[in-house]
Amino acid sequence: MISVSNVSMRYGSKILFDEVSVTFTPGRRYGLTGPNGAGKSTFMKVLTGEIDAQKGNVVRPRKLGVLRQDQFAFDNYRALDTVIMGNAPLWSALEERDRIYEKTDMTDEDGMRLGELEGIIGDEDGYTAEADAAVLLSGLDIPDDLHERKMGELQGGQKVRILLAQALFGKPQALLLDEPTNYLDLDSIHWLQDFLQSYDGTLIAISHDRHFLNSVTTHTADIDYQTIIVYTGGYDDMVMAKTQVRSTLEQQNAQRDKKIAQLNEFIARFAAGTRSSQVTSRRKEVERLQTSDLARSNIQRPFIKFDQIRPSGKHVLEFKSLTKFYSDVKVLDNFTANVLRGEKVCLMGRNGAGKTTVLKSLLANYPGLSDPEFTLDNGTVFWGHEAQVGYFPQDVGSTIEHGLTVSEWLHRFDPKASTEEIRGILGQMLFSGEEGQKPTKALSGGEAARLIFCKLILTKPNILILDEPTNHLDLESINALNVALQRFEGTVLLVTHDHDLIDEVATRLWIFKGDHEIEDYSGPYQEWKGKHA
């Protein structure tokens, strides 16, 4: 159990949450939700003890599994050892036992201590620790040949998955996971969902993956209105229940504002007259209403709508024999396909299987969108009549030029667009007021992603090529993107590990199976899944 009593956190004048008291009970799995900037990661750090609350107390269980964010902290350790460190008492006992065995002359006291340590190791399942750690790593798609490698030799995505295995190791009484599905492919996400559904401790997870939250969580702790409200059910259940709560609170806000306006009007009319006692009374009432200001929702919803200047021809794209090597490793081997107008193709498969390589291959000779460091080893690509491509790269920050404001950068893609049109598009994507003058070099990952969407909305391409567009987006933005892609009348090529996007957007699948095999399936994901069950 994790218990929070009267916890408050604020930064300057911004209140994240105030006087929060909530209990997270064993056997329940909580999704911690709220828009970017609401304080989810801050609250998680308070729960783990990484930071102290400015006010209030937190009670934690003895064994806590935490997803660490520092990828470099374990660079000198084997992957297996890094996982085992998730059980701190076991790792401490193993290290002390090794130190004693390294002594040339052991004392009787050392012998007695070894007996105690062996007892701790036995109680903590230490004799099967490496085998248990290997099972977790394999489930998260870390190959056996990497288990003995040091963390410093591994890629960033591999490190994140090993740190996730560390959090899951050792049967912790509570699990605190901040964005556990980041860098995981769909197979690994499904494995993690199954693992967590059978977990019987207390789980608290932050995720921008709606399907993951709906599949795993039994309750939702939502940060909004400067507090945390716990709802029964997954994310969709919370949204339905919260709509009713929000409607009530916003009605109270509106009624309060209307009452203040009426009182101020009376004060202005009669302040210099003979009704001084009534004016004084109303001033006190205004002060009372203002000091009891009702908290307002911090939810912001972007509005995404993709239009086309003109449709493409019927035959959008044809490519033959795409082949690509990285050094001596072949990633693509004679991949051939064609795409028709209006198809929405989702590229699915394990990380490193070649999905991004296919997109880069298709854009290798496309003006303005090709990667200058990428060359196609073999194959031909033909874009159809009136094909106009809009591209959302995986590394969005690298495509945004510095030395400009957000508004100036966007305006470059349509110099004829009016200031009002640019401001309106930025407003749709939550760059309100002065945020349009923000320097591009100061953008966060989420802001950079939203700015790329502004570009796609402004330029109106009839083909969208999107490489993991949900990275850095909150749930509200992902839901808006989902709806926009479903309604888009053009063609889509989409790389994503978001289950709901695949399920609700895709009309065709390219499934990367390994060994250069790519299955081309015409139909939605649920249909394909049913045939492969």
# chains A, B, ... in the order shown; residues from 1 in each chain; ligands from 1
>>> residues_around(residues="A:Glu130", least_positions_apart="2", cutoff="12 Å", atoms="only C-alpha atoms", output="NGL selection string")
:A and (78-85 or 90-91 or 94 or 125-128 or 132-137 or 144 or 147-148 or 166 or 169-170)
>>> residues_around(residues="A:Thr491", least_positions_apart="5", cutoff="10 Å", atoms="only C-alpha atoms", output="NGL selection string")
:A and (311-312 or 316-317 or 339-345 or 387 or 389 or 461-465 or 485)
>>> write_last_selection(atoms="all heavy atoms", output="compact mmCIF listing (two decimals), in the first residue's frame")
# COMPACT_ATOMS: atom_id res chain seq x y z
N PRO A 311 -6.49 16.22 -54.50
CA PRO A 311 -6.21 14.79 -54.34
C PRO A 311 -5.09 14.33 -55.26
O PRO A 311 -4.81 14.94 -56.28
CB PRO A 311 -7.55 14.12 -54.72
CG PRO A 311 -8.56 15.21 -54.70
CD PRO A 311 -7.83 16.47 -55.04
N SER A 312 -4.45 13.24 -54.88
CA SER A 312 -3.46 12.62 -55.76
C SER A 312 -4.16 11.78 -56.81
O SER A 312 -5.39 11.60 -56.77
CB SER A 312 -2.53 11.72 -54.93
OG SER A 312 -3.26 10.60 -54.44
N VAL A 316 -0.87 6.01 -56.13
CA VAL A 316 -0.07 6.96 -55.35
C VAL A 316 1.42 6.61 -55.40
O VAL A 316 2.27 7.50 -55.57
CB VAL A 316 -0.55 6.98 -53.88
CG1 VAL A 316 0.39 7.82 -53.01
CG2 VAL A 316 -1.96 7.52 -53.80
N LEU A 317 1.73 5.34 -55.26
CA LEU A 317 3.13 4.95 -55.04
C LEU A 317 3.36 3.53 -55.53
O LEU A 317 2.53 2.65 -55.31
CB LEU A 317 3.44 5.04 -53.53
CG LEU A 317 4.76 4.46 -53.02
CD1 LEU A 317 5.95 5.25 -53.57
CD2 LEU A 317 4.78 4.46 -51.49
N VAL A 339 0.82 1.32 -53.63
CA VAL A 339 -0.16 1.90 -52.72
C VAL A 339 -1.16 2.72 -53.53
O VAL A 339 -0.77 3.50 -54.41
CB VAL A 339 0.52 2.81 -51.66
CG1 VAL A 339 -0.52 3.45 -50.75
CG2 VAL A 339 1.54 2.00 -50.85
N LEU A 340 -2.45 2.55 -53.22
CA LEU A 340 -3.51 3.28 -53.91
C LEU A 340 -4.00 4.45 -53.06
O LEU A 340 -3.85 4.44 -51.83
CB LEU A 340 -4.69 2.34 -54.20
CG LEU A 340 -4.40 1.14 -55.10
CD1 LEU A 340 -5.65 0.29 -55.27
CD2 LEU A 340 -3.86 1.58 -56.46
N ARG A 341 -4.59 5.43 -53.73
CA ARG A 341 -5.11 6.61 -53.04
C ARG A 341 -6.11 6.21 -51.95
O ARG A 341 -6.97 5.36 -52.16
CB ARG A 341 -5.81 7.53 -54.05
CG ARG A 341 -6.37 8.81 -53.46
CD ARG A 341 -7.05 9.66 -54.52
NE ARG A 341 -8.16 8.95 -55.14
CZ ARG A 341 -8.44 8.98 -56.45
NH1 ARG A 341 -7.69 9.69 -57.29
NH2 ARG A 341 -9.47 8.32 -56.92
N GLY A 342 -5.96 6.83 -50.78
CA GLY A 342 -6.89 6.60 -49.67
C GLY A 342 -6.52 5.45 -48.76
O GLY A 342 -7.14 5.28 -47.69
N GLU A 343 -5.52 4.64 -49.13
CA GLU A 343 -5.11 3.56 -48.24
C GLU A 343 -4.37 4.11 -47.04
O GLU A 343 -3.64 5.11 -47.14
CB GLU A 343 -4.21 2.56 -48.98
CG GLU A 343 -4.97 1.68 -49.97
CD GLU A 343 -4.13 0.51 -50.44
OE1 GLU A 343 -3.07 0.73 -51.06
OE2 GLU A 343 -4.53 -0.64 -50.17
N LYS A 344 -4.55 3.46 -45.92
CA LYS A 344 -3.85 3.85 -44.69
C LYS A 344 -3.06 2.64 -44.21
O LYS A 344 -3.62 1.69 -43.64
CB LYS A 344 -4.85 4.35 -43.65
CG LYS A 344 -5.52 5.65 -44.11
CD LYS A 344 -6.65 6.12 -43.26
CE LYS A 344 -7.24 7.40 -43.86
NZ LYS A 344 -8.44 7.86 -43.15
N VAL A 345 -1.77 2.68 -44.51
CA VAL A 345 -0.89 1.53 -44.31
C VAL A 345 -0.12 1.71 -43.01
O VAL A 345 0.55 2.73 -42.80
CB VAL A 345 0.12 1.39 -45.48
CG1 VAL A 345 0.94 0.12 -45.31
CG2 VAL A 345 -0.60 1.43 -46.82
N ALA A 387 1.25 13.58 -56.51
CA ALA A 387 1.62 13.12 -55.15
C ALA A 387 2.33 14.24 -54.40
O ALA A 387 3.35 14.75 -54.86
CB ALA A 387 2.51 11.89 -55.25
N VAL A 389 3.76 14.93 -50.57
CA VAL A 389 4.05 14.21 -49.33
C VAL A 389 4.31 15.17 -48.18
O VAL A 389 5.06 16.14 -48.31
CB VAL A 389 5.28 13.28 -49.52
CG1 VAL A 389 5.63 12.58 -48.20
CG2 VAL A 389 5.01 12.26 -50.61
N PRO A 461 -0.73 18.42 -47.55
CA PRO A 461 -0.33 17.35 -48.47
C PRO A 461 -1.43 16.32 -48.62
O PRO A 461 -2.33 16.21 -47.77
CB PRO A 461 0.90 16.75 -47.77
CG PRO A 461 0.64 16.99 -46.33
CD PRO A 461 -0.06 18.32 -46.25
N ASN A 462 -1.38 15.53 -49.71
CA ASN A 462 -2.37 14.47 -49.87
C ASN A 462 -1.84 13.10 -49.47
O ASN A 462 -2.54 12.10 -49.54
CB ASN A 462 -2.92 14.43 -51.31
CG ASN A 462 -1.83 14.44 -52.36
OD1 ASN A 462 -0.79 13.81 -52.20
ND2 ASN A 462 -2.06 15.18 -53.45
N ILE A 463 -0.56 13.04 -49.05
CA ILE A 463 0.05 11.82 -48.53
C ILE A 463 0.76 12.17 -47.23
O ILE A 463 1.58 13.09 -47.19
CB ILE A 463 1.07 11.22 -49.51
CG1 ILE A 463 0.41 10.92 -50.86
CG2 ILE A 463 1.70 9.94 -48.94
CD1 ILE A 463 1.40 10.78 -51.99
N LEU A 464 0.45 11.44 -46.17
CA LEU A 464 1.11 11.65 -44.88
C LEU A 464 2.00 10.45 -44.58
O LEU A 464 1.52 9.30 -44.58
CB LEU A 464 0.08 11.82 -43.75
CG LEU A 464 -0.80 13.06 -43.81
CD1 LEU A 464 -1.85 13.01 -42.71
CD2 LEU A 464 0.03 14.33 -43.69
N ILE A 465 3.28 10.71 -44.33
CA ILE A 465 4.21 9.67 -43.90
C ILE A 465 4.63 10.02 -42.47
O ILE A 465 5.30 11.03 -42.23
CB ILE A 465 5.44 9.59 -44.83
CG1 ILE A 465 4.99 9.15 -46.23
CG2 ILE A 465 6.48 8.63 -44.28
CD1 ILE A 465 6.12 8.95 -47.21
N LEU A 485 -6.61 11.29 -38.40
CA LEU A 485 -6.16 10.32 -39.40
C LEU A 485 -7.32 9.49 -39.94
O LEU A 485 -7.36 9.14 -41.12
CB LEU A 485 -5.08 9.41 -38.81
CG LEU A 485 -3.73 10.08 -38.52
CD1 LEU A 485 -2.78 9.09 -37.86
CD2 LEU A 485 -3.11 10.63 -39.80
>>> atom_distance(atom1="atom CA of A:Ala533", atom2="atom CA of A:Ile142")
23.9 Å
>>> residues_around(residues="A:Thr399", least_positions_apart="5", cutoff="10 Å", atoms="only C-alpha atoms", output="PyMOL selection string")
chain A and resi 369+392-394+448+452
>>> select_by_dssp(residues="stretch 184-333 of chain A", states="alpha helix (DSSP H)", output="PDB file with N, CA and C atoms, in the first residue's frame")
ATOM      1  N   LEU A 186       5.189  -3.374 -30.362  1.00  0.00           N
ATOM      2  CA  LEU A 186       3.856  -3.839 -29.981  1.00  0.00           C
ATOM      3  C   LEU A 186       3.899  -5.191 -29.281  1.00  0.00           C
ATOM      4  N   ASP A 187       4.770  -6.109 -29.737  1.00  0.00           N
ATOM      5  CA  ASP A 187       4.869  -7.422 -29.083  1.00  0.00           C
ATOM      6  C   ASP A 187       5.326  -7.275 -27.633  1.00  0.00           C
ATOM      7  N   SER A 188       6.307  -6.399 -27.400  1.00  0.00           N
ATOM      8  CA  SER A 188       6.796  -6.183 -26.034  1.00  0.00           C
ATOM      9  C   SER A 188       5.738  -5.522 -25.158  1.00  0.00           C
ATOM     10  N   ILE A 189       4.962  -4.603 -25.746  1.00  0.00           N
ATOM     11  CA  ILE A 189       3.879  -3.956 -24.990  1.00  0.00           C
ATOM     12  C   ILE A 189       2.846  -4.994 -24.579  1.00  0.00           C
ATOM     13  N   HIS A 190       2.493  -5.888 -25.496  1.00  0.00           N
ATOM     14  CA  HIS A 190       1.512  -6.926 -25.163  1.00  0.00           C
ATOM     15  C   HIS A 190       2.062  -7.859 -24.076  1.00  0.00           C
ATOM     16  N   TRP A 191       3.354  -8.190 -24.138  1.00  0.00           N
ATOM     17  CA  TRP A 191       3.960  -9.013 -23.092  1.00  0.00           C
ATOM     18  C   TRP A 191       3.877  -8.296 -21.741  1.00  0.00           C
ATOM     19  N   LEU A 192       4.183  -7.001 -21.735  1.00  0.00           N
ATOM     20  CA  LEU A 192       4.139  -6.228 -20.493  1.00  0.00           C
ATOM     21  C   LEU A 192       2.716  -6.155 -19.952  1.00  0.00           C
ATOM     22  N   GLN A 193       1.735  -5.966 -20.839  1.00  0.00           N
ATOM     23  CA  GLN A 193       0.337  -5.943 -20.399  1.00  0.00           C
ATOM     24  C   GLN A 193      -0.023  -7.247 -19.689  1.00  0.00           C
ATOM     25  N   ASP A 194       0.337  -8.382 -20.279  1.00  0.00           N
ATOM     26  CA  ASP A 194       0.019  -9.681 -19.663  1.00  0.00           C
ATOM     27  C   ASP A 194       0.709  -9.816 -18.312  1.00  0.00           C
ATOM     28  N   PHE A 195       1.967  -9.366 -18.226  1.00  0.00           N
ATOM     29  CA  PHE A 195       2.716  -9.457 -16.973  1.00  0.00           C
ATOM     30  C   PHE A 195       2.027  -8.638 -15.884  1.00  0.00           C
ATOM     31  N   LEU A 196       1.648  -7.414 -16.201  1.00  0.00           N
ATOM     32  CA  LEU A 196       1.073  -6.510 -15.200  1.00  0.00           C
ATOM     33  C   LEU A 196      -0.340  -6.927 -14.807  1.00  0.00           C
ATOM     34  N   GLN A 197      -1.075  -7.534 -15.727  1.00  0.00           N
ATOM     35  CA  GLN A 197      -2.433  -7.979 -15.389  1.00  0.00           C
ATOM     36  C   GLN A 197      -2.426  -9.073 -14.325  1.00  0.00           C
ATOM     37  N   ARG A 210      -3.298   4.809 -24.678  1.00  0.00           N
ATOM     38  CA  ARG A 210      -4.670   4.619 -24.190  1.00  0.00           C
ATOM     39  C   ARG A 210      -5.036   3.145 -24.084  1.00  0.00           C
ATOM     40  N   HIS A 211      -4.656   2.339 -25.082  1.00  0.00           N
ATOM     41  CA  HIS A 211      -4.995   0.920 -25.052  1.00  0.00           C
ATOM     42  C   HIS A 211      -4.296   0.219 -23.894  1.00  0.00           C
ATOM     43  N   PHE A 212      -3.048   0.577 -23.636  1.00  0.00           N
ATOM     44  CA  PHE A 212      -2.314   0.004 -22.510  1.00  0.00           C
ATOM     45  C   PHE A 212      -3.037   0.306 -21.197  1.00  0.00           C
ATOM     46  N   LEU A 213      -3.439   1.557 -20.998  1.00  0.00           N
ATOM     47  CA  LEU A 213      -4.133   1.924 -19.760  1.00  0.00           C
ATOM     48  C   LEU A 213      -5.463   1.184 -19.634  1.00  0.00           C
ATOM     49  N   ASN A 214      -6.233   1.124 -20.722  1.00  0.00           N
ATOM     50  CA  ASN A 214      -7.522   0.438 -20.666  1.00  0.00           C
ATOM     51  C   ASN A 214      -7.363  -1.052 -20.409  1.00  0.00           C
ATOM     52  N   SER A 215      -6.260  -1.631 -20.900  1.00  0.00           N
ATOM     53  CA  SER A 215      -6.041  -3.075 -20.747  1.00  0.00           C
ATOM     54  C   SER A 215      -5.531  -3.448 -19.366  1.00  0.00           C
ATOM     55  N   VAL A 216      -4.733  -2.565 -18.761  1.00  0.00           N
ATOM     56  CA  VAL A 216      -4.010  -2.919 -17.537  1.00  0.00           C
ATOM     57  C   VAL A 216      -4.674  -2.382 -16.278  1.00  0.00           C
ATOM     58  N   TYR A 235      -8.834   4.185 -18.600  1.00  0.00           N
ATOM     59  CA  TYR A 235      -8.811   5.566 -19.077  1.00  0.00           C
ATOM     60  C   TYR A 235     -10.152   5.994 -19.665  1.00  0.00           C
ATOM     61  N   ASP A 236     -10.751   5.166 -20.519  1.00  0.00           N
ATOM     62  CA  ASP A 236     -12.032   5.544 -21.132  1.00  0.00           C
ATOM     63  C   ASP A 236     -13.133   5.687 -20.089  1.00  0.00           C
ATOM     64  N   ASP A 237     -13.128   4.818 -19.077  1.00  0.00           N
ATOM     65  CA  ASP A 237     -14.108   4.930 -17.988  1.00  0.00           C
ATOM     66  C   ASP A 237     -13.930   6.257 -17.253  1.00  0.00           C
ATOM     67  N   MET A 238     -12.657   6.640 -17.027  1.00  0.00           N
ATOM     68  CA  MET A 238     -12.384   7.905 -16.348  1.00  0.00           C
ATOM     69  C   MET A 238     -12.892   9.094 -17.157  1.00  0.00           C
ATOM     70  N   VAL A 239     -12.661   9.064 -18.473  1.00  0.00           N
ATOM     71  CA  VAL A 239     -13.088  10.185 -19.316  1.00  0.00           C
ATOM     72  C   VAL A 239     -14.593  10.390 -19.223  1.00  0.00           C
ATOM     73  N   MET A 240     -15.345   9.290 -19.242  1.00  0.00           N
ATOM     74  CA  MET A 240     -16.809   9.398 -19.153  1.00  0.00           C
ATOM     75  C   MET A 240     -17.243   9.967 -17.802  1.00  0.00           C
ATOM     76  N   ALA A 241     -16.642   9.430 -16.724  1.00  0.00           N
ATOM     77  CA  ALA A 241     -17.011   9.910 -15.384  1.00  0.00           C
ATOM     78  C   ALA A 241     -16.562  11.352 -15.180  1.00  0.00           C
ATOM     79  N   LYS A 242     -15.387  11.684 -15.701  1.00  0.00           N
ATOM     80  CA  LYS A 242     -14.840  13.024 -15.490  1.00  0.00           C
ATOM     81  C   LYS A 242     -15.646  14.084 -16.223  1.00  0.00           C
ATOM     82  N   THR A 243     -16.231  13.701 -17.352  1.00  0.00           N
ATOM     83  CA  THR A 243     -17.057  14.652 -18.105  1.00  0.00           C
ATOM     84  C   THR A 243     -18.167  15.199 -17.219  1.00  0.00           C
ATOM     85  N   GLN A 244     -18.774  14.317 -16.414  1.00  0.00           N
ATOM     86  CA  GLN A 244     -19.840  14.757 -15.515  1.00  0.00           C
ATOM     87  C   GLN A 244     -19.287  15.643 -14.400  1.00  0.00           C
ATOM     88  N   VAL A 245     -18.130  15.246 -13.836  1.00  0.00           N
ATOM     89  CA  VAL A 245     -17.514  16.051 -12.770  1.00  0.00           C
ATOM     90  C   VAL A 245     -17.109  17.419 -13.301  1.00  0.00           C
ATOM     91  N   ARG A 246     -16.479  17.420 -14.493  1.00  0.00           N
ATOM     92  CA  ARG A 246     -16.009  18.675 -15.075  1.00  0.00           C
ATOM     93  C   ARG A 246     -17.179  19.607 -15.380  1.00  0.00           C
ATOM     94  N   SER A 247     -18.281  19.030 -15.878  1.00  0.00           N
ATOM     95  CA  SER A 247     -19.450  19.844 -16.192  1.00  0.00           C
ATOM     96  C   SER A 247     -19.975  20.543 -14.944  1.00  0.00           C
ATOM     97  N   THR A 248     -20.014  19.811 -13.834  1.00  0.00           N
ATOM     98  CA  THR A 248     -20.492  20.402 -12.577  1.00  0.00           C
ATOM     99  C   THR A 248     -19.570  21.522 -12.104  1.00  0.00           C
ATOM    100  N   LEU A 249     -18.242  21.259 -12.117  1.00  0.00           N
ATOM    101  CA  LEU A 249     -17.286  22.268 -11.657  1.00  0.00           C
ATOM    102  C   LEU A 249     -17.297  23.508 -12.550  1.00  0.00           C
ATOM    103  N   GLU A 250     -17.390  23.304 -13.860  1.00  0.00           N
ATOM    104  CA  GLU A 250     -17.378  24.450 -14.757  1.00  0.00           C
ATOM    105  C   GLU A 250     -18.669  25.258 -14.650  1.00  0.00           C
ATOM    106  N   GLN A 251     -19.788  24.594 -14.359  1.00  0.00           N
ATOM    107  CA  GLN A 251     -21.028  25.330 -14.097  1.00  0.00           C
ATOM    108  C   GLN A 251     -20.877  26.195 -12.847  1.00  0.00           C
ATOM    109  N   GLN A 252     -20.232  25.642 -11.809  1.00  0.00           N
ATOM    110  CA  GLN A 252     -19.997  26.424 -10.594  1.00  0.00           C
ATOM    111  C   GLN A 252     -19.091  27.616 -10.875  1.00  0.00           C
ATOM    112  N   ASN A 253     -18.045  27.394 -11.687  1.00  0.00           N
ATOM    113  CA  ASN A 253     -17.164  28.511 -12.067  1.00  0.00           C
ATOM    114  C   ASN A 253     -17.942  29.592 -12.801  1.00  0.00           C
ATOM    115  N   ALA A 254     -18.778  29.171 -13.768  1.00  0.00           N
ATOM    116  CA  ALA A 254     -19.537  30.141 -14.557  1.00  0.00           C
ATOM    117  C   ALA A 254     -20.512  30.927 -13.686  1.00  0.00           C
ATOM    118  N   GLN A 255     -21.185  30.223 -12.776  1.00  0.00           N
ATOM    119  CA  GLN A 255     -22.125  30.901 -11.883  1.00  0.00           C
ATOM    120  C   GLN A 255     -21.407  31.894 -10.975  1.00  0.00           C
ATOM    121  N   ARG A 256     -20.217  31.509 -10.476  1.00  0.00           N
ATOM    122  CA  ARG A 256     -19.440  32.407  -9.626  1.00  0.00           C
ATOM    123  C   ARG A 256     -19.014  33.656 -10.387  1.00  0.00           C
ATOM    124  N   ASP A 257     -18.526  33.460 -11.638  1.00  0.00           N
ATOM    125  CA  ASP A 257     -18.097  34.594 -12.455  1.00  0.00           C
ATOM    126  C   ASP A 257     -19.264  35.527 -12.770  1.00  0.00           C
ATOM    127  N   LYS A 258     -20.425  34.954 -13.065  1.00  0.00           N
ATOM    128  CA  LYS A 258     -21.611  35.773 -13.351  1.00  0.00           C
ATOM    129  C   LYS A 258     -22.027  36.580 -12.126  1.00  0.00           C
ATOM    130  N   LYS A 259     -21.955  35.950 -10.951  1.00  0.00           N
ATOM    131  CA  LYS A 259     -22.319  36.633  -9.712  1.00  0.00           C
ATOM    132  C   LYS A 259     -21.370  37.795  -9.425  1.00  0.00           C
ATOM    133  N   ILE A 260     -20.060  37.578  -9.629  1.00  0.00           N
ATOM    134  CA  ILE A 260     -19.068  38.642  -9.420  1.00  0.00           C
ATOM    135  C   ILE A 260     -19.338  39.810 -10.369  1.00  0.00           C
ATOM    136  N   ALA A 261     -19.652  39.506 -11.643  1.00  0.00           N
ATOM    137  CA  ALA A 261     -19.925  40.562 -12.629  1.00  0.00           C
ATOM    138  C   ALA A 261     -21.134  41.392 -12.215  1.00  0.00           C
ATOM    139  N   GLN A 262     -22.192  40.718 -11.718  1.00  0.00           N
ATOM    140  CA  GLN A 262     -23.388  41.446 -11.276  1.00  0.00           C
ATOM    141  C   GLN A 262     -23.088  42.343 -10.071  1.00  0.00           C
ATOM    142  N   LEU A 263     -22.300  41.831  -9.143  1.00  0.00           N
ATOM    143  CA  LEU A 263     -21.953  42.626  -7.961  1.00  0.00           C
ATOM    144  C   LEU A 263     -21.097  43.832  -8.348  1.00  0.00           C
ATOM    145  N   ASN A 264     -20.122  43.630  -9.237  1.00  0.00           N
ATOM    146  CA  ASN A 264     -19.261  44.742  -9.665  1.00  0.00           C
ATOM    147  C   ASN A 264     -20.056  45.804 -10.417  1.00  0.00           C
ATOM    148  N   GLU A 265     -21.046  45.362 -11.186  1.00  0.00           N
ATOM    149  CA  GLU A 265     -21.893  46.333 -11.890  1.00  0.00           C
ATOM    150  C   GLU A 265     -22.665  47.197 -10.888  1.00  0.00           C
ATOM    151  N   PHE A 266     -23.201  46.576  -9.821  1.00  0.00           N
ATOM    152  CA  PHE A 266     -23.915  47.325  -8.790  1.00  0.00           C
ATOM    153  C   PHE A 266     -22.983  48.316  -8.098  1.00  0.00           C
ATOM    154  N   ILE A 267     -21.742  47.848  -7.783  1.00  0.00           N
ATOM    155  CA  ILE A 267     -20.767  48.712  -7.105  1.00  0.00           C
ATOM    156  C   ILE A 267     -20.432  49.914  -7.973  1.00  0.00           C
ATOM    157  N   ALA A 268     -20.229  49.677  -9.276  1.00  0.00           N
ATOM    158  CA  ALA A 268     -19.882  50.782 -10.185  1.00  0.00           C
ATOM    159  C   ALA A 268     -21.004  51.789 -10.301  1.00  0.00           C
ATOM    160  N   ARG A 269     -22.245  51.330 -10.277  1.00  0.00           N
ATOM    161  CA  ARG A 269     -23.388  52.236 -10.448  1.00  0.00           C
ATOM    162  C   ARG A 269     -23.667  53.080  -9.204  1.00  0.00           C
ATOM    163  N   PHE A 270     -23.453  52.495  -8.021  1.00  0.00           N
ATOM    164  CA  PHE A 270     -23.913  53.165  -6.797  1.00  0.00           C
ATOM    165  C   PHE A 270     -22.792  53.526  -5.830  1.00  0.00           C
ATOM    166  N   SER A 276     -24.397  53.404   0.281  1.00  0.00           N
ATOM    167  CA  SER A 276     -23.035  53.019   0.649  1.00  0.00           C
ATOM    168  C   SER A 276     -22.986  51.705   1.423  1.00  0.00           C
ATOM    169  N   SER A 277     -23.952  51.463   2.276  1.00  0.00           N
ATOM    170  CA  SER A 277     -23.924  50.232   3.067  1.00  0.00           C
ATOM    171  C   SER A 277     -24.101  49.010   2.171  1.00  0.00           C
ATOM    172  N   GLN A 278     -24.998  49.139   1.151  1.00  0.00           N
ATOM    173  CA  GLN A 278     -25.196  48.027   0.216  1.00  0.00           C
ATOM    174  C   GLN A 278     -23.959  47.814  -0.652  1.00  0.00           C
ATOM    175  N   VAL A 279     -23.299  48.931  -1.051  1.00  0.00           N
ATOM    176  CA  VAL A 279     -22.073  48.830  -1.834  1.00  0.00           C
ATOM    177  C   VAL A 279     -20.987  48.115  -1.034  1.00  0.00           C
ATOM    178  N   THR A 280     -20.835  48.495   0.234  1.00  0.00           N
ATOM    179  CA  THR A 280     -19.834  47.860   1.096  1.00  0.00           C
ATOM    180  C   THR A 280     -20.102  46.368   1.243  1.00  0.00           C
ATOM    181  N   SER A 281     -21.374  46.031   1.403  1.00  0.00           N
ATOM    182  CA  SER A 281     -21.761  44.628   1.549  1.00  0.00           C
ATOM    183  C   SER A 281     -21.389  43.838   0.307  1.00  0.00           C
ATOM    184  N   ARG A 282     -21.633  44.433  -0.861  1.00  0.00           N
ATOM    185  CA  ARG A 282     -21.347  43.727  -2.113  1.00  0.00           C
ATOM    186  C   ARG A 282     -19.843  43.624  -2.358  1.00  0.00           C
ATOM    187  N   ARG A 283     -19.070  44.614  -1.954  1.00  0.00           N
ATOM    188  CA  ARG A 283     -17.618  44.525  -2.070  1.00  0.00           C
ATOM    189  C   ARG A 283     -17.079  43.349  -1.244  1.00  0.00           C
ATOM    190  N   LYS A 284     -17.622  43.193  -0.043  1.00  0.00           N
ATOM    191  CA  LYS A 284     -17.195  42.077   0.796  1.00  0.00           C
ATOM    192  C   LYS A 284     -17.571  40.737   0.147  1.00  0.00           C
ATOM    193  N   GLU A 285     -18.754  40.724  -0.506  1.00  0.00           N
ATOM    194  CA  GLU A 285     -19.178  39.502  -1.176  1.00  0.00           C
ATOM    195  C   GLU A 285     -18.254  39.165  -2.343  1.00  0.00           C
ATOM    196  N   VAL A 286     -17.834  40.194  -3.114  1.00  0.00           N
ATOM    197  CA  VAL A 286     -16.894  39.978  -4.213  1.00  0.00           C
ATOM    198  C   VAL A 286     -15.571  39.423  -3.684  1.00  0.00           C
ATOM    199  N   GLU A 287     -15.059  40.007  -2.583  1.00  0.00           N
ATOM    200  CA  GLU A 287     -13.812  39.538  -1.983  1.00  0.00           C
ATOM    201  C   GLU A 287     -13.937  38.082  -1.545  1.00  0.00           C
ATOM    202  N   ARG A 288     -15.075  37.733  -0.976  1.00  0.00           N
ATOM    203  CA  ARG A 288     -15.287  36.355  -0.521  1.00  0.00           C
ATOM    204  C   ARG A 288     -15.291  35.387  -1.698  1.00  0.00           C
ATOM    205  N   LEU A 289     -15.990  35.757  -2.777  1.00  0.00           N
ATOM    206  CA  LEU A 289     -16.062  34.892  -3.946  1.00  0.00           C
ATOM    207  C   LEU A 289     -14.704  34.742  -4.619  1.00  0.00           C
ATOM    208  N   GLN A 290     -13.927  35.825  -4.663  1.00  0.00           N
ATOM    209  CA  GLN A 290     -12.622  35.771  -5.320  1.00  0.00           C
ATOM    210  C   GLN A 290     -11.617  34.953  -4.526  1.00  0.00           C
ATOM    211  N   THR A 291     -11.664  35.066  -3.206  1.00  0.00           N
ATOM    212  CA  THR A 291     -10.710  34.298  -2.390  1.00  0.00           C
ATOM    213  C   THR A 291     -11.062  32.820  -2.352  1.00  0.00           C
TER     214      THR A 291
END
>>> residues_around(residues="A:Asp18", least_positions_apart="3", cutoff="7 Å", atoms="only C-alpha atoms", output="list in words")
Val7, Ser8, Met9, Ile15, Gln226 and Thr227 of chain A
>>> atom_distance(atom1="atom CA of A:Leu175", atom2="atom CA of A:Asp123")
20.3 Å
>>> residues_around(residues="stretch 319-324 of chain A", least_positions_apart="4", cutoff="7 Å", atoms="only C-alpha atoms", output="ChimeraX atom specification")
/A:330-338,376-382
>>> residues_around(residues="stretch 307-310 of chain A", least_positions_apart="2", cutoff="10 Å", atoms="only C-alpha atoms", output="list in words")
Ile304, Lys305, Ser312, Gly313, Glu386, Ala387, Gln388, Leu456, Ile457, Leu458, Thr459, Lys460, Pro461, Asn462, Ile463, Ala484, Arg487, Phe488, Glu489 and Gly490 of chain A
